[in-house]
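Pasted below: start.txt, compact mmCIF, C-alpha atoms and all ligand atoms.
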# COMPACT_ATOMS: atom_id res chain seq x y z
CA MET A 1 85.01 28.60 -52.21
CA LYS A 2 86.57 25.18 -52.90
CA LEU A 3 87.79 23.03 -50.00
CA GLY A 4 89.00 19.47 -49.70
CA PHE A 5 86.60 17.30 -47.74
CA ALA A 6 89.00 17.18 -44.77
CA SER A 7 89.18 20.99 -44.70
CA LEU A 8 85.37 21.12 -44.67
CA VAL A 9 85.28 18.90 -41.61
CA ILE A 10 87.87 21.11 -39.87
CA LEU A 11 85.93 24.28 -40.79
CA LEU A 12 82.66 22.96 -39.38
CA ALA A 13 84.46 21.70 -36.28
CA LEU A 14 85.93 25.18 -35.75
CA LEU A 15 82.48 26.73 -36.16
CA ALA A 16 80.99 24.20 -33.77
CA GLY A 17 83.80 24.79 -31.29
CA CYS A 18 83.13 28.49 -31.09
CA SER A 19 79.49 27.95 -30.32
CA GLY A 20 79.42 24.67 -28.44
CA LYS A 21 76.76 23.33 -30.81
CA ALA A 22 77.51 21.35 -33.90
CA GLY A 23 77.69 23.68 -36.87
CA SER A 24 75.94 26.66 -35.37
CA ILE A 25 76.79 30.13 -34.11
CA PRO A 26 74.40 31.91 -31.76
CA GLY A 27 72.37 34.53 -33.60
CA VAL A 28 73.35 33.12 -36.94
CA LEU A 29 71.54 30.57 -39.06
CA LEU A 30 74.32 28.83 -40.98
CA THR A 31 73.30 26.67 -43.89
CA ALA A 32 76.15 24.89 -45.61
CA THR A 33 75.42 22.92 -48.74
CA SER A 34 78.21 21.10 -50.52
CA ALA A 35 78.60 19.49 -53.90
CA PRO A 36 81.68 17.22 -54.17
CA SER A 37 83.45 17.52 -57.52
CA PRO A 38 84.87 14.50 -59.41
CA GLN A 39 88.28 15.42 -57.91
CA GLY A 40 86.79 15.06 -54.38
CA GLU A 41 86.87 18.84 -53.83
CA VAL A 42 83.85 20.20 -51.99
CA THR A 43 82.29 23.53 -52.94
CA ILE A 44 80.53 25.13 -49.98
CA MET A 45 77.66 27.54 -50.46
CA THR A 46 76.99 29.04 -47.06
CA THR A 47 74.11 31.34 -46.33
CA VAL A 48 74.36 33.27 -43.11
CA SER A 49 71.24 34.94 -41.82
CA PRO A 50 70.01 36.19 -38.45
CA SER A 51 68.86 33.43 -36.15
CA PRO A 52 65.10 32.83 -36.26
CA THR A 53 64.97 32.70 -32.50
CA PRO A 54 63.49 35.97 -31.25
CA THR A 55 64.33 37.04 -27.70
CA GLY A 56 61.92 37.38 -24.76
CA LYS A 57 58.41 35.98 -24.43
CA SER A 58 56.77 34.69 -27.59
CA LEU A 59 53.47 35.99 -28.95
CA ARG A 60 51.68 32.85 -27.73
CA GLU A 61 53.12 33.36 -24.24
CA LEU A 62 51.88 36.95 -24.12
CA ALA A 63 48.47 36.66 -25.82
CA PRO A 64 46.50 34.37 -23.44
CA ARG A 65 46.90 36.77 -20.51
CA ARG A 66 44.95 39.25 -22.70
CA GLY A 67 42.30 36.60 -23.49
CA LEU A 68 43.39 36.45 -27.11
CA ALA A 69 44.19 33.60 -29.48
CA ILE A 70 47.10 34.52 -31.76
CA GLY A 71 47.42 32.68 -35.06
CA ALA A 72 48.68 32.41 -38.60
CA ALA A 73 47.59 30.84 -41.86
CA VAL A 74 49.65 27.78 -42.71
CA ASP A 75 50.66 26.16 -45.97
CA VAL A 76 50.92 22.39 -45.52
CA SER A 77 53.66 21.73 -48.06
CA THR A 78 55.84 24.37 -46.38
CA LEU A 79 55.06 22.91 -42.96
CA ARG A 80 56.25 19.52 -44.23
CA SER A 81 59.41 20.87 -45.92
CA ASP A 82 60.73 23.76 -43.80
CA PRO A 83 61.66 22.92 -40.18
CA VAL A 84 62.31 26.58 -39.26
CA TYR A 85 58.80 27.49 -40.48
CA ALA A 86 57.34 24.71 -38.33
CA GLN A 87 59.49 25.73 -35.35
CA ILE A 88 58.41 29.39 -35.40
CA LEU A 89 54.77 28.48 -36.01
CA ALA A 90 54.67 26.29 -32.89
CA GLN A 91 56.75 28.73 -30.86
CA GLU A 92 54.80 31.93 -31.61
CA PHE A 93 51.18 30.93 -32.27
CA ASN A 94 48.40 29.05 -30.46
CA MET A 95 46.01 29.04 -33.42
CA LEU A 96 46.38 28.18 -37.08
CA THR A 97 44.24 28.54 -40.18
CA ALA A 98 44.49 26.25 -43.18
CA GLU A 99 45.59 28.64 -45.93
CA ASN A 100 44.27 26.32 -48.67
CA ALA A 101 43.94 22.73 -47.44
CA LEU A 102 40.33 23.03 -46.20
CA LYS A 103 38.93 24.78 -49.27
CA PHE A 104 36.42 23.05 -51.53
CA GLY A 105 38.82 22.49 -54.45
CA PRO A 106 41.77 20.99 -52.54
CA LEU A 107 39.40 18.70 -50.61
CA ARG A 108 37.35 17.51 -53.56
CA PRO A 109 39.32 16.03 -56.48
CA SER A 110 36.07 14.61 -57.82
CA ARG A 111 32.34 14.72 -57.05
CA ASP A 112 32.48 11.40 -55.22
CA SER A 113 35.85 11.72 -53.48
CA TYR A 114 37.52 13.68 -50.66
CA ASP A 115 41.24 14.18 -50.05
CA PHE A 116 41.79 15.00 -46.36
CA SER A 117 45.53 14.20 -46.36
CA ALA A 118 46.87 17.77 -46.30
CA ALA A 119 44.30 19.07 -43.83
CA ASP A 120 44.81 16.03 -41.57
CA THR A 121 48.53 16.92 -41.40
CA LEU A 122 47.63 20.43 -40.34
CA VAL A 123 45.11 19.37 -37.72
CA GLN A 124 47.55 16.81 -36.32
CA PHE A 125 50.29 19.46 -36.07
CA ALA A 126 47.86 21.73 -34.21
CA GLN A 127 46.94 18.96 -31.78
CA ASP A 128 50.61 18.09 -31.24
CA HIS A 129 51.38 21.72 -30.37
CA ASP A 130 48.26 22.63 -28.37
CA MET A 131 46.93 24.97 -31.07
CA GLN A 132 43.34 25.73 -32.07
CA VAL A 133 42.36 25.36 -35.71
CA ARG A 134 40.28 27.76 -37.83
CA GLY A 135 38.67 25.87 -40.71
CA HIS A 136 38.80 27.98 -43.85
CA THR A 137 36.45 27.79 -45.78
CA LEU A 138 33.34 25.76 -46.58
CA VAL A 139 31.55 28.05 -49.05
CA TRP A 140 33.49 30.44 -51.30
CA HIS A 141 33.42 31.40 -54.98
CA ASN A 142 37.17 30.73 -55.45
CA GLN A 143 39.25 27.53 -55.57
CA LEU A 144 36.31 25.41 -56.68
CA PRO A 145 37.02 22.22 -58.66
CA ASP A 146 36.34 22.05 -62.40
CA TRP A 147 33.76 19.27 -61.96
CA LEU A 148 31.71 21.77 -59.99
CA THR A 149 32.27 24.98 -61.96
CA GLN A 150 31.95 23.28 -65.33
CA GLY A 151 29.00 21.06 -64.36
CA THR A 152 25.30 21.74 -64.85
CA PHE A 153 23.24 21.21 -61.74
CA SER A 154 19.64 21.88 -60.72
CA ARG A 155 18.99 23.82 -57.52
CA GLU A 156 18.27 20.52 -55.77
CA GLU A 157 21.45 18.89 -57.07
CA LEU A 158 23.68 21.83 -56.13
CA SER A 159 22.07 22.04 -52.69
CA ALA A 160 22.68 18.32 -52.21
CA ILE A 161 26.33 18.70 -53.28
CA LEU A 162 26.89 21.56 -50.83
CA LYS A 163 25.03 19.81 -47.99
CA GLU A 164 27.03 16.62 -48.46
CA HIS A 165 30.28 18.62 -48.60
CA ILE A 166 29.59 20.48 -45.37
CA LEU A 167 28.27 17.50 -43.43
CA THR A 168 31.20 15.33 -44.56
CA VAL A 169 34.00 17.87 -44.01
CA VAL A 170 32.75 19.34 -40.74
CA GLY A 171 31.85 15.85 -39.57
CA HIS A 172 35.36 14.58 -40.39
CA TYR A 173 36.87 17.23 -38.09
CA ARG A 174 34.12 17.24 -35.45
CA GLY A 175 35.64 18.28 -32.12
CA LYS A 176 38.99 19.16 -33.74
CA ILE A 177 38.24 22.52 -35.38
CA ALA A 178 37.33 25.38 -33.03
CA ALA A 179 35.92 27.75 -35.65
CA TRP A 180 34.82 27.47 -39.26
CA ASP A 181 34.67 30.21 -41.85
CA VAL A 182 31.40 28.75 -43.10
CA VAL A 183 30.81 31.39 -45.78
CA ASN A 184 33.60 33.56 -47.19
CA GLU A 185 33.20 36.85 -49.08
CA ALA A 186 29.50 36.63 -49.98
CA VAL A 187 29.19 40.45 -50.10
CA GLY A 188 30.57 42.24 -53.15
CA ASP A 189 32.63 45.42 -52.94
CA ASN A 190 29.48 47.29 -54.05
CA GLY A 191 27.67 46.12 -50.90
CA GLN A 192 25.35 43.81 -52.89
CA MET A 193 25.32 40.00 -52.59
CA ARG A 194 28.25 38.75 -54.69
CA ASP A 195 27.15 37.01 -57.92
CA THR A 196 28.55 33.52 -57.32
CA LEU A 197 27.86 29.92 -58.37
CA TRP A 198 26.15 29.44 -55.01
CA LEU A 199 23.91 32.50 -55.25
CA ARG A 200 22.92 31.70 -58.83
CA GLY A 201 22.51 27.98 -58.28
CA ILE A 202 20.77 27.87 -54.89
CA GLY A 203 19.58 31.41 -54.16
CA PRO A 204 20.38 33.82 -51.27
CA GLU A 205 19.25 31.18 -48.80
CA TYR A 206 22.55 29.32 -49.44
CA LEU A 207 24.02 31.18 -46.49
CA ASP A 208 21.24 30.09 -44.09
CA LEU A 209 21.52 26.49 -45.30
CA ALA A 210 25.34 26.39 -45.04
CA PHE A 211 25.34 27.58 -41.44
CA GLN A 212 22.52 25.20 -40.52
CA TRP A 213 24.35 22.20 -42.05
CA ALA A 214 27.62 23.14 -40.37
CA HIS A 215 25.88 23.42 -37.00
CA GLU A 216 24.24 20.04 -37.55
CA ALA A 217 27.64 18.47 -38.31
CA ASP A 218 29.44 19.95 -35.28
CA PRO A 219 27.25 21.80 -32.74
CA GLN A 220 30.35 22.74 -30.72
CA ALA A 221 32.24 24.50 -33.50
CA LYS A 222 31.92 28.29 -33.70
CA LEU A 223 30.53 29.30 -37.09
CA PHE A 224 31.83 32.48 -38.77
CA TYR A 225 31.07 34.69 -41.70
CA ASN A 226 34.40 35.98 -43.11
CA ASP A 227 35.07 38.93 -45.44
CA TYR A 228 37.51 41.69 -46.49
CA ASN A 229 37.30 45.48 -46.97
CA GLY A 230 34.65 45.67 -44.29
CA GLU A 231 36.95 46.02 -41.30
CA GLY A 232 36.33 49.68 -40.50
CA LEU A 233 33.18 51.68 -41.24
CA GLY A 234 31.79 52.19 -44.73
CA SER A 235 29.25 50.91 -47.23
CA LYS A 236 30.60 47.36 -47.45
CA SER A 237 31.02 47.17 -43.67
CA ASP A 238 27.40 48.34 -43.30
CA ALA A 239 26.24 45.70 -45.81
CA ILE A 240 28.04 42.94 -43.89
CA TYR A 241 26.52 44.22 -40.65
CA ARG A 242 23.01 44.17 -42.20
CA LEU A 243 23.54 40.66 -43.62
CA LEU A 244 24.60 39.31 -40.22
CA LYS A 245 21.76 41.06 -38.41
CA GLU A 246 19.25 39.53 -40.85
CA LEU A 247 20.76 36.04 -40.55
CA LEU A 248 20.56 36.25 -36.76
CA GLN A 249 16.99 37.56 -36.93
CA ARG A 250 16.10 34.43 -38.98
CA GLY A 251 17.62 32.25 -36.26
CA VAL A 252 20.58 31.18 -38.42
CA PRO A 253 23.35 29.75 -36.15
CA VAL A 254 26.08 32.34 -36.82
CA ASP A 255 28.50 32.72 -33.89
CA GLY A 256 31.03 35.16 -35.25
CA VAL A 257 32.46 37.34 -37.97
CA GLY A 258 35.95 37.33 -39.45
CA LEU A 259 37.52 40.64 -40.45
CA GLN A 260 40.27 39.66 -42.89
CA MET A 261 42.46 42.82 -42.60
CA HIS A 262 44.50 42.64 -45.83
CA LEU A 263 46.01 46.14 -45.67
CA THR A 264 48.43 48.50 -47.40
CA LEU A 265 50.64 51.18 -45.86
CA ASP A 266 48.84 54.10 -47.43
CA ALA A 267 45.18 53.54 -46.59
CA PRO A 268 44.67 51.39 -43.49
CA PRO A 269 41.26 51.64 -41.79
CA ARG A 270 41.27 53.96 -38.77
CA ALA A 271 41.63 52.13 -35.44
CA ALA A 272 38.60 54.05 -34.12
CA ASP A 273 36.50 52.79 -37.06
CA ILE A 274 37.68 49.21 -36.55
CA ALA A 275 36.81 49.50 -32.86
CA ALA A 276 33.36 50.92 -33.64
CA ASN A 277 32.71 48.14 -36.15
CA ILE A 278 33.82 45.43 -33.71
CA GLN A 279 31.57 47.02 -31.07
CA ARG A 280 28.42 47.01 -33.22
CA LEU A 281 29.08 43.44 -34.38
CA GLY A 282 29.66 42.37 -30.79
CA GLU A 283 26.41 43.98 -29.74
CA LEU A 284 24.65 41.65 -32.20
CA GLY A 285 26.00 38.84 -30.03
CA LEU A 286 28.83 37.93 -32.41
CA GLU A 287 32.42 37.02 -31.59
CA VAL A 288 34.93 38.87 -33.77
CA HIS A 289 38.17 37.45 -35.17
CA ILE A 290 40.83 39.31 -37.11
CA THR A 291 41.36 36.46 -39.57
CA GLU A 292 43.91 37.23 -42.30
CA MET A 293 46.05 40.23 -41.40
CA ASP A 294 48.96 41.30 -43.56
CA VAL A 295 50.24 44.75 -44.54
CA ARG A 296 51.80 44.78 -48.00
CA ILE A 297 54.56 47.24 -48.91
CA LYS A 298 55.73 48.51 -52.28
CA THR A 299 59.15 46.91 -52.87
CA PRO A 300 61.81 47.60 -51.83
CA ALA A 301 60.60 48.17 -48.27
CA SER A 302 62.50 50.97 -46.52
CA PRO A 303 63.14 51.19 -42.75
CA ALA A 304 60.46 53.91 -42.64
CA ASP A 305 58.01 51.58 -44.41
CA LEU A 306 58.73 48.82 -41.88
CA ALA A 307 58.21 51.25 -39.01
CA LYS A 308 54.86 52.35 -40.46
CA GLN A 309 53.90 48.72 -40.99
CA ALA A 310 54.71 48.02 -37.34
CA GLU A 311 52.46 50.88 -36.24
CA ILE A 312 49.58 49.49 -38.32
CA TYR A 313 49.97 46.01 -36.84
CA ARG A 314 50.08 47.52 -33.36
CA SER A 315 47.07 49.75 -34.03
CA VAL A 316 44.85 46.93 -35.30
CA LEU A 317 45.94 44.62 -32.49
CA GLY A 318 45.17 47.41 -30.03
CA ALA A 319 41.66 47.81 -31.45
CA CYS A 320 41.11 44.07 -31.01
CA LEU A 321 42.54 43.99 -27.49
CA GLY A 322 40.39 46.98 -26.58
CA SER A 323 37.18 45.03 -27.17
CA PRO A 324 35.70 42.17 -25.15
CA TYR A 325 34.22 40.84 -28.42
CA CYS A 326 37.52 40.37 -30.30
CA LYS A 327 38.91 36.96 -29.40
CA ALA A 328 41.44 36.03 -32.08
CA PHE A 329 44.12 37.80 -34.09
CA VAL A 330 45.33 35.75 -37.05
CA LEU A 331 47.92 36.69 -39.70
CA TRP A 332 47.81 35.45 -43.26
CA GLY A 333 51.17 33.70 -42.97
CA PHE A 334 54.00 34.91 -40.76
CA SER A 335 57.21 35.04 -42.84
CA ASP A 336 57.85 37.05 -45.99
CA ARG A 337 59.55 33.95 -47.35
CA TYR A 338 56.09 32.43 -47.79
CA SER A 339 53.37 34.95 -48.58
CA TRP A 340 50.60 35.10 -51.17
CA ILE A 341 51.27 38.82 -51.72
CA PRO A 342 54.04 38.91 -54.36
CA GLY A 343 52.15 36.45 -56.56
CA PHE A 344 48.92 38.48 -56.41
CA PHE A 345 50.12 42.08 -56.10
CA LYS A 346 52.97 42.86 -58.51
CA GLY A 347 55.52 45.17 -56.91
CA TYR A 348 54.38 44.47 -53.37
CA ASP A 349 55.87 42.20 -50.68
CA SER A 350 57.20 42.29 -47.08
CA ALA A 351 53.66 41.99 -45.67
CA LEU A 352 54.32 39.85 -42.60
CA ILE A 353 56.14 40.00 -39.24
CA PHE A 354 59.18 37.82 -39.95
CA ASP A 355 61.44 38.50 -42.92
CA GLU A 356 62.66 36.12 -45.62
CA ALA A 357 65.32 34.77 -43.24
CA PHE A 358 62.77 34.37 -40.43
CA ALA A 359 64.29 37.28 -38.52
CA PRO A 360 61.69 39.26 -36.53
CA LYS A 361 60.68 42.59 -38.10
CA PRO A 362 59.60 45.76 -36.28
CA ALA A 363 55.98 44.61 -36.62
CA TYR A 364 56.73 41.52 -34.54
CA GLN A 365 58.17 43.61 -31.73
CA ALA A 366 55.29 46.10 -32.00
CA MET A 367 52.78 43.28 -31.52
CA LYS A 368 54.70 42.02 -28.48
CA ASP A 369 54.82 45.54 -27.04
CA GLU A 370 51.04 45.93 -27.53
CA LEU A 371 50.31 42.57 -25.94
CA ALA A 372 52.57 43.36 -22.98
CA ASP A 373 51.33 46.92 -22.66
CA HIS A 374 48.53 46.43 -20.11
O1 LIG B 1 48.00 23.58 -55.51
C1 LIG B 1 48.14 24.07 -56.84
C2 LIG B 1 49.32 23.39 -57.51
O2 LIG B 1 49.06 22.00 -57.66
C3 LIG B 1 49.56 24.03 -58.88
O3 LIG B 1 50.72 23.46 -59.47
C4 LIG B 1 49.74 25.55 -58.69
C5 LIG B 1 49.99 26.27 -59.99
O4 LIG B 1 48.79 26.32 -60.72
O5 LIG B 1 48.55 26.12 -58.09
C6 LIG B 1 48.35 25.57 -56.79
O6 LIG B 1 47.18 26.13 -56.26
C7 LIG B 1 47.35 27.49 -55.85
C8 LIG B 1 46.99 27.57 -54.34
O7 LIG B 1 47.00 28.94 -53.91
C9 LIG B 1 47.94 26.76 -53.49
O8 LIG B 1 49.23 27.30 -53.58
C10 LIG B 1 46.38 28.34 -56.65
O9 LIG B 1 46.82 28.37 -58.00
C11 LIG B 1 46.36 29.75 -56.10
O10 LIG B 1 45.34 30.52 -56.75
C12 LIG B 1 46.02 29.71 -54.60
O11 LIG B 1 46.08 31.04 -54.11
C13 LIG B 1 45.43 31.19 -52.83
C14 LIG B 1 44.32 32.23 -52.99
O12 LIG B 1 43.67 32.43 -51.72
C15 LIG B 1 43.30 31.78 -54.00
O13 LIG B 1 42.41 32.86 -54.23
C16 LIG B 1 46.44 31.69 -51.83
O14 LIG B 1 47.43 30.70 -51.59
C17 LIG B 1 45.74 32.04 -50.51
O15 LIG B 1 46.65 32.68 -49.62
C18 LIG B 1 44.57 32.99 -50.77
O16 LIG B 1 43.89 33.16 -49.56
C19 LIG B 1 42.69 33.97 -49.62
C20 LIG B 1 41.74 33.45 -48.56
O17 LIG B 1 41.48 32.09 -48.80
C21 LIG B 1 40.47 34.28 -48.52
N1 LIG B 1 40.79 35.69 -48.29
C22 LIG B 1 41.71 36.25 -49.27
C23 LIG B 1 43.02 35.44 -49.27
C24 LIG B 1 43.99 36.03 -50.25
O18 LIG B 1 43.50 35.92 -51.55
Represent the structure contained in this file as structure tokens.
Ligand code: G3I
Amino acid sequence: MKLGFASLVILLALLAGCSGKAGSIPGVLLTATSAPSPQGEVTIMTTVSPSPTPTGKSLRELAPRRGLAIGAAVDVSTLRSDPVYAQILAQEFNMLTAENALKFGPLRPSRDSYDFSAADTLVQFAQDHDMQVRGHTLVWHNQLPDWLTQGTFSREELSAILKEHILTVVGHYRGKIAAWDVVNEAVGDNGQMRDTLWLRGIGPEYLDLAFQWAHEADPQAKLFYNDYNGEGLGSKSDAIYRLLKELLQRGVPVDGVGLQMHLTLDAPPRAADIAANIQRLGELGLEVHITEMDVRIKTPASPADLAKQAEIYRSVLGACLGSPYCKAFVLWGFSDRYSWIPGFFKGYDSALIFDEAFAPKPAYQAMKDELADH
């Protein structure tokens, strides 16, 4: 649509007039971008999408009365570039997890340097908006820098590298990060210890050492073991349970366990199995966090798919709320506009609780209903 500049001003004034706010209409997110042509004409590309402002109490207003922290994983570049993303994050959540900024690779451009800039932005945002931070993750087999994966190190050298990393990173955020995923995904899908650079280079005691170093660097932070596909009951869940029981028996300072909860529509773990698993982990003395929930859907997602997704979100949240040991419920992102899913699972998307236009989906309402339902 081509308009003279004057007409554009009149159009926006008319739109503003009908809503009382400059350039906005209640319930509609109007984005007008214009590119003046050499003749001074202005071409307007408007996108109109549902307002991102959900109605009623937010998730972070409802969750504390149930003793629950409610959070989402956050991408720093998106936080810096998308004001609606930042607005909904602060409005709906009282906890955030660094999706990538606190991983070994992003923090460590070289063996003798650290880059805290992205993570500092995240921690500052959390402090500005009264949010707790989950530090993710100190020891993992993914997102490691080339200088580490391509280097040759003795057991002593690799232990020294890991010790320095943990003491430096946890020390940098001492008192600012409520919980750390100290070790992530150390158990393979076969229930055996995963064959990683850390296991091969240091030995199975790398877990004990990592937790001990993290505790030394920040005695107040809660220290978690985090994993996936062990949320209900089964062989991997049993292996994670055994690992944690043995760590605790050795006096290793583990405070909690993260159940990632990356699910699909067709085979979610049974709520009763999740509840039983949370119960047995809690009886070890561990706090339980749901740490990375999303429910991916084969595209295109139908209304029936979205309704089933909502039921899964509600069911898992209900299992968490039903236990005194489950203290945090964290999503792996919150809007389908920014999700890891389509890049990792071809043909899947729509995994989160706000859609691409930041409009609330049935899953968002289902979570609010579950939180309000007691
Ligand atoms: O930052 C670089 C950028 O400089 C480069 O241009 C670009 C293209 O190569 O890659 C960017 O890094 C990507 C990074 O995400 C940041 O966007 C990596 O390639 C990409 O592999 C990485 O993916 C992350 C994935 O972990 C890595 O396995 C996802 O964002 C992140 O959501 C995902 O999160 C994991 C949890 O940490 C652990 N649990 C499972 C979960 C899903 O895999």
> Given a cut-off of 8 Å, what residues near ligand LIG 1 (chain B) show up using all atoms listed in the file, put as a PyMOL selection string?
Replying inline: chain A and resi 75+99-100+103+106+136-137+142-143+184-185+227-228+260+262+292+332+339-341+344
> Nearest to A:Ser154 among A:Leu197, A:Val187, A:Ala118, A:Ala307, with distances taken over all atoms listed in the file: which residue is it?
Replying inline: A:Leu197
Stretch 148-249 of chain A residues near stretch 263-268 of chain A within 10 Å, closest pair each, using only C-alpha atoms, as a tab-separated table:
residue	atom	partner	partner_atom	distance
A:Tyr228	CA	A:Leu263	CA	9.6
A:Asn229	CA	A:Leu263	CA	8.8
A:Glu231	CA	A:Pro268	CA	9.7
A:Gly232	CA	A:Pro268	CA	9.0
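Near A:Phe334, within 7 Å and counting only C-alpha atoms, sit Ala72, Leu331, Leu352, Ile353 and Phe354 of chain A; same-chain residues fewer than 3 positions away were not included.
The interatomic distance for the pair atom CA of A:Trp180 and atom CA of A:Phe224 works out to 5.9 Å.
Note that atom CA of A:Leu68 and atom CA of A:Lys308 are 23.7 Å apart.
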